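Worksheet: one structure, shown below.
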Amino acid sequence: MTDMGGERVTEAVESAVALLRTAVDRDWEGVPAGRVEWSCRTTATHIAEDLIAYAGQLAGRAKDAYVPFEITLEEGTDNPGVIQVIETTGALFATTLRTTPREVRAFHPYPFRSAGREGFAAMGVAEVLLHAHDIAEGLGLAYEPPAHLPEYVLTRIFPHVQPGPDHWRTLLWATGRGDLPGRAPVTAWRWNNNLVLDTDRLTLEGVSPAAAADLAAGGSGGFDWVVGGPFQGTREASGMVLKAYEAGVHRPEFGLFVLVRREDDLAIGGMGFHGAPDEEGRAEIGYDLVEGARGRGYATEALRELARWSLARDDVNTLFATVERANVPSQGVVARAGFTKASEDAEFLAYELGR
């Protein structure tokens, strides 16, 4: 799983530009773009605005807001000129993605106030594909991008949307642009970038369905791992994430997090939930570390942060963890994180932490 998103952005732009070139002699200004309120001309310009804005967020390492700039087309720019601007901003964005380090995150409001390069890439691909669809609908043209591009978007920034047999139709439905049999129409939507939590020495990075699929299949999930990683427990947890996603019950904030050391950007383990909280607000946490990273307090540090974050939510009242009786180091982790022993049997000890 080595793609940083630049190649996908380039493919999306090429797909949209191929469509636009078939209608370069048409009136774009006087025709509404599908279901949006803009004209086809404004929508085409907006594609370029998004591409350069996302490039700016990453290149400028924006932390708290959008970088305060915008692009304006010169007066008299014709349709071929608009296409040229889309191609140019797409190239700039793709280059930015290829040169941005994996650990960089920049401001984006939805839903957790930041996104990494893969999230921005998926947002950029979504903007290109969806607005190309809007323009095509307005001009009465047929448009269907390569199937792997909407799949790329869905598995990275729509983790809450159950996949369907047709990725393009699923993405159109998820963004209020189409219907799917057996699913209610979508009237309001937002994509969902992964949650990242910070501690002094670590980042806890939420795992997307795309990364979970790669980890479950024996890959790296897009992370650089310390020697010996990822541990089998992380791969098994990734399989659980993938099954929940395919069943349409995945709650990404209650999924799996990869623990990444700040000092060298190496992944050292996994930590996360066995599912969303139940009706009583109880949620189970599990974790593992690669052997070479054990004994340094990383698991305790991560568990304290994940517990703090989850118990601050209205839908979580109690966290619990089940530890093998023979696993004394893990018992120490939960105890240092503030959990207390709630029950035990011949094989396991159960620990709880409440508000």
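Residue numbering restarts at 1 for every chain of the structure tokens, chains are lettered A, B, ... in their displayed order, and ligands are numbered from 1 as they appear.
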Tell me, as an MDAnalysis selection string, which residues lie within 7 Å of Arg336 (chain A), counting only C-alpha atoms; anything in the same chain fewer than 3 positions away does not count. chainID A and resid 300 332:333
Writing out the chosen residues with N, CA, C and O atoms as an mmCIF file, in the first residue's frame:
```cif
data_model
loop_
_atom_site.group_PDB
_atom_site.id
_atom_site.type_symbol
_atom_site.label_atom_id
_atom_site.label_comp_id
_atom_site.auth_asym_id
_atom_site.auth_seq_id
_atom_site.Cartn_x
_atom_site.Cartn_y
_atom_site.Cartn_z
ATOM 1 N N THR A 300 0.729 2.184 27.899
ATOM 2 C CA THR A 300 0.065 2.937 28.964
ATOM 3 C C THR A 300 -0.244 4.351 28.499
ATOM 4 O O THR A 300 -1.346 4.876 28.719
ATOM 5 N N GLY A 332 -0.353 -4.705 34.084
ATOM 6 C CA GLY A 332 0.269 -3.474 34.551
ATOM 7 C C GLY A 332 -0.121 -2.276 33.711
ATOM 8 O O GLY A 332 -0.307 -1.167 34.232
ATOM 9 N N VAL A 333 -0.265 -2.478 32.402
ATOM 10 C CA VAL A 333 -0.663 -1.390 31.511
ATOM 11 C C VAL A 333 -2.021 -0.841 31.907
ATOM 12 O O VAL A 333 -2.202 0.374 32.079
#
```
Skipping near chain neighbours, those fewer than 4 positions away, what residues fall within 8 Å of Leu58 (chain A) using only C-alpha atoms, listed as a VMD selection string? chain A and resid 54 62 96 to 97 100 104 to 106 117
Written selection (N, CA and C atoms) as an mmCIF file, in the first residue's frame:
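File written: part07.cif
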```
data_model
loop_
_atom_site.group_PDB
_atom_site.id
_atom_site.type_symbol
_atom_site.label_atom_id
_atom_site.label_comp_id
_atom_site.auth_asym_id
_atom_site.auth_seq_id
_atom_site.Cartn_x
_atom_site.Cartn_y
_atom_site.Cartn_z
ATOM 1 N N TYR A 54 -6.367 22.408 -1.637
ATOM 2 C CA TYR A 54 -5.847 21.255 -0.915
ATOM 3 C C TYR A 54 -4.324 21.203 -0.987
ATOM 4 N N ALA A 62 -1.013 24.064 7.070
ATOM 5 C CA ALA A 62 -2.039 24.844 7.767
ATOM 6 C C ALA A 62 -2.522 24.091 8.998
ATOM 7 N N THR A 96 2.422 17.995 -4.855
ATOM 8 C CA THR A 96 2.423 18.242 -3.412
ATOM 9 C C THR A 96 2.226 16.959 -2.634
ATOM 10 N N LEU A 97 1.304 16.123 -3.093
ATOM 11 C CA LEU A 97 1.057 14.853 -2.416
ATOM 12 C C LEU A 97 2.302 13.962 -2.427
ATOM 13 N N THR A 100 4.927 15.408 0.163
ATOM 14 C CA THR A 100 4.528 15.658 1.551
ATOM 15 C C THR A 100 4.819 14.433 2.400
ATOM 16 N N VAL A 104 2.582 14.369 8.002
ATOM 17 C CA VAL A 104 2.033 15.729 7.960
ATOM 18 C C VAL A 104 0.512 15.688 7.930
ATOM 19 N N ARG A 105 -0.095 16.503 8.767
ATOM 20 C CA ARG A 105 -1.535 16.713 8.724
ATOM 21 C C ARG A 105 -1.804 18.210 8.661
ATOM 22 N N ALA A 106 -2.877 18.569 7.984
ATOM 23 C CA ALA A 106 -3.221 19.972 7.825
ATOM 24 C C ALA A 106 -4.703 20.164 8.105
ATOM 25 N N ARG A 117 -2.110 13.393 4.015
ATOM 26 C CA ARG A 117 -2.028 13.477 2.552
ATOM 27 C C ARG A 117 -3.008 12.529 1.877
#
```
DSSP-assigned strand (DSSP E) among region 161-318 of chain A, expressed as number ranges by chain: A: 196-198, 202-206, 256-261, 267-273, 282-289, 318
Give me a file of those residues, with N, CA and C atoms, as a compact mmCIF listing (two decimals), in the first residue's frame.
```
# COMPACT_ATOMS: atom_id res chain seq x y z
N VAL A 196 -7.11 11.31 14.62
CA VAL A 196 -5.74 11.17 15.12
C VAL A 196 -5.67 11.81 16.50
N LEU A 197 -5.16 11.05 17.47
CA LEU A 197 -4.98 11.55 18.83
C LEU A 197 -3.49 11.63 19.13
N ASP A 198 -3.10 12.66 19.85
CA ASP A 198 -1.68 12.90 20.14
C ASP A 198 -1.37 12.69 21.61
N LEU A 202 3.62 9.78 21.05
CA LEU A 202 2.94 8.97 20.05
C LEU A 202 1.85 9.75 19.34
N THR A 203 1.45 9.24 18.17
CA THR A 203 0.17 9.60 17.59
C THR A 203 -0.63 8.30 17.43
N LEU A 204 -1.91 8.38 17.76
CA LEU A 204 -2.83 7.27 17.56
C LEU A 204 -3.61 7.58 16.30
N GLU A 205 -3.35 6.85 15.23
CA GLU A 205 -3.89 7.19 13.92
C GLU A 205 -4.99 6.20 13.54
N GLY A 206 -6.20 6.72 13.37
CA GLY A 206 -7.32 5.89 12.99
C GLY A 206 -7.09 5.20 11.66
N LEU A 256 -9.94 0.84 14.93
CA LEU A 256 -8.56 0.53 15.27
C LEU A 256 -7.67 1.75 15.06
N PHE A 257 -6.72 1.94 15.96
CA PHE A 257 -5.71 2.99 15.83
C PHE A 257 -4.33 2.33 15.78
N VAL A 258 -3.50 2.82 14.88
CA VAL A 258 -2.10 2.40 14.86
C VAL A 258 -1.30 3.39 15.70
N LEU A 259 -0.43 2.87 16.55
CA LEU A 259 0.40 3.72 17.42
C LEU A 259 1.70 4.02 16.69
N VAL A 260 1.98 5.30 16.48
CA VAL A 260 3.16 5.72 15.72
C VAL A 260 4.04 6.60 16.60
N ARG A 261 5.32 6.26 16.67
CA ARG A 261 6.27 7.06 17.46
C ARG A 261 6.55 8.38 16.76
N ALA A 267 5.60 2.84 13.18
CA ALA A 267 4.46 2.24 13.87
C ALA A 267 4.96 1.15 14.81
N ILE A 268 4.39 1.10 16.01
CA ILE A 268 4.87 0.16 17.02
C ILE A 268 3.78 -0.78 17.53
N GLY A 269 2.52 -0.56 17.14
CA GLY A 269 1.46 -1.43 17.62
C GLY A 269 0.09 -0.92 17.25
N GLY A 270 -0.91 -1.59 17.77
CA GLY A 270 -2.30 -1.22 17.51
C GLY A 270 -3.10 -1.16 18.79
N MET A 271 -4.11 -0.30 18.80
CA MET A 271 -5.00 -0.18 19.96
C MET A 271 -6.35 0.28 19.45
N GLY A 272 -7.40 -0.23 20.05
CA GLY A 272 -8.71 0.20 19.58
C GLY A 272 -9.84 -0.51 20.29
N PHE A 273 -11.01 -0.36 19.70
CA PHE A 273 -12.23 -0.86 20.30
C PHE A 273 -12.69 -2.13 19.59
N ARG A 282 -21.04 1.02 27.31
CA ARG A 282 -19.85 0.23 27.60
C ARG A 282 -19.12 -0.11 26.30
N ALA A 283 -17.81 0.04 26.31
CA ALA A 283 -17.00 -0.28 25.13
C ALA A 283 -15.75 -1.01 25.58
N GLU A 284 -15.37 -2.01 24.80
CA GLU A 284 -14.18 -2.81 25.13
C GLU A 284 -12.98 -2.34 24.33
N ILE A 285 -11.83 -2.27 24.99
CA ILE A 285 -10.58 -1.85 24.37
C ILE A 285 -9.60 -3.02 24.35
N GLY A 286 -8.84 -3.11 23.27
CA GLY A 286 -7.75 -4.09 23.18
C GLY A 286 -6.52 -3.44 22.58
N TYR A 287 -5.37 -4.08 22.70
CA TYR A 287 -4.13 -3.47 22.20
C TYR A 287 -3.05 -4.52 22.09
N ASP A 288 -2.03 -4.20 21.30
CA ASP A 288 -0.80 -4.99 21.27
C ASP A 288 0.35 -4.10 20.83
N LEU A 289 1.54 -4.51 21.16
CA LEU A 289 2.75 -3.81 20.74
C LEU A 289 3.71 -4.80 20.10
N THR A 318 -18.39 3.61 30.27
CA THR A 318 -17.45 2.68 30.89
C THR A 318 -16.60 2.01 29.83
```
Which residues come within 12 Å of Phe69 (chain A), counting only C-alpha atoms, excluding same-chain residues fewer than 5 positions away, as a count of residues only? 9
I need the residues in region 120-332 of chain A that are helix (DSSP H, G or I) according to DSSP; give them as a ChimeraX atom specification. /A:120-139,148-157,167-174,209-216,232-247,252-254,291-293,298-311,328-332
Compare A:Ala312, A:Leu195, A:Ala126, A:Ala65 by their minimum atom-to-atom distance to Phe254 (chain A), counting only C-alpha atoms, and give me the closest one. A:Leu195
A:Ala321, A:Val207, A:Val67, A:Ala121 ranked by distance to Ala237 (chain A), top pick (using only C-alpha atoms):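 Nearest candidate to Ala237 (chain A) out of A:Ala321, A:Val207, A:Val67, A:Ala121: A:Val207.
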Show me, as a short mmCIF file (atom, residue, chain, number, x, y, z; two decimals) with C-alpha atoms, in the first residue's frame, the residues that have an atom within 7 Å of Tyr351 (chain A) when counting only C-alpha atoms, minus same-chain residues fewer than 2 positions from it.
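Written output follows (around-v6.cif):
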```
data_model
loop_
_atom_site.label_atom_id
_atom_site.label_comp_id
_atom_site.auth_asym_id
_atom_site.auth_seq_id
_atom_site.Cartn_x
_atom_site.Cartn_y
_atom_site.Cartn_z
CA PHE A 320 -13.33 -2.43 29.93
CA ALA A 321 -10.44 -4.66 28.95
CA THR A 322 -9.99 -8.40 29.29
CA PHE A 339 -8.45 0.69 35.23
CA THR A 340 -9.43 -1.40 38.23
CA LYS A 341 -10.08 -5.14 38.39
CA ALA A 342 -13.81 -5.87 38.10
CA LEU A 349 -9.05 -10.79 34.45
#
```
Residues at most 9 Å from Val31 (chain A), counting only C-alpha atoms, excluding those fewer than 2 positions away in the same chain, as a compact mmCIF listing (two decimals) with C-alpha atoms, in the first residue's frame?
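Produced file part-v8.txt, reproduced below:
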```
# COMPACT_ATOMS: atom_id res chain seq x y z
CA ASP A 27 -22.30 26.97 -23.29
CA TRP A 28 -21.06 26.26 -19.77
CA GLU A 29 -22.10 29.53 -18.20
CA ALA A 33 -24.60 21.74 -13.28
CA GLY A 34 -26.88 18.88 -12.35
CA TRP A 38 -23.80 26.56 -9.82
CA SER A 39 -23.44 26.82 -13.55
CA CYS A 40 -21.29 24.28 -15.37
CA ARG A 41 -18.65 26.99 -15.80
CA ILE A 135 -21.32 19.05 -15.26
CA GLY A 138 -26.13 19.51 -16.70
CA LEU A 139 -24.92 19.13 -20.27
```
Measuring between only C-alpha atoms, which one of A:Gly239, A:Gly255, A:Pro68, A:Gly90 shows the shortest distance to Glu7 (chain A)? A:Gly90
Of the candidates A:Leu130, A:Gly30, A:Leu141, A:Asn194, which shows the shortest atom-to-atom distance to Pro109 (chain A), using only C-alpha atoms?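 Smallest separation from Pro109 (chain A) among the options: A:Asn194.
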Closest to Leu92 (chain A) among A:Ala293, A:Val13, A:Pro163, A:Leu172, using only C-alpha atoms?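 Of A:Ala293, A:Val13, A:Pro163, A:Leu172, the one nearest Leu92 (chain A), counting only C-alpha atoms, is A:Val13.
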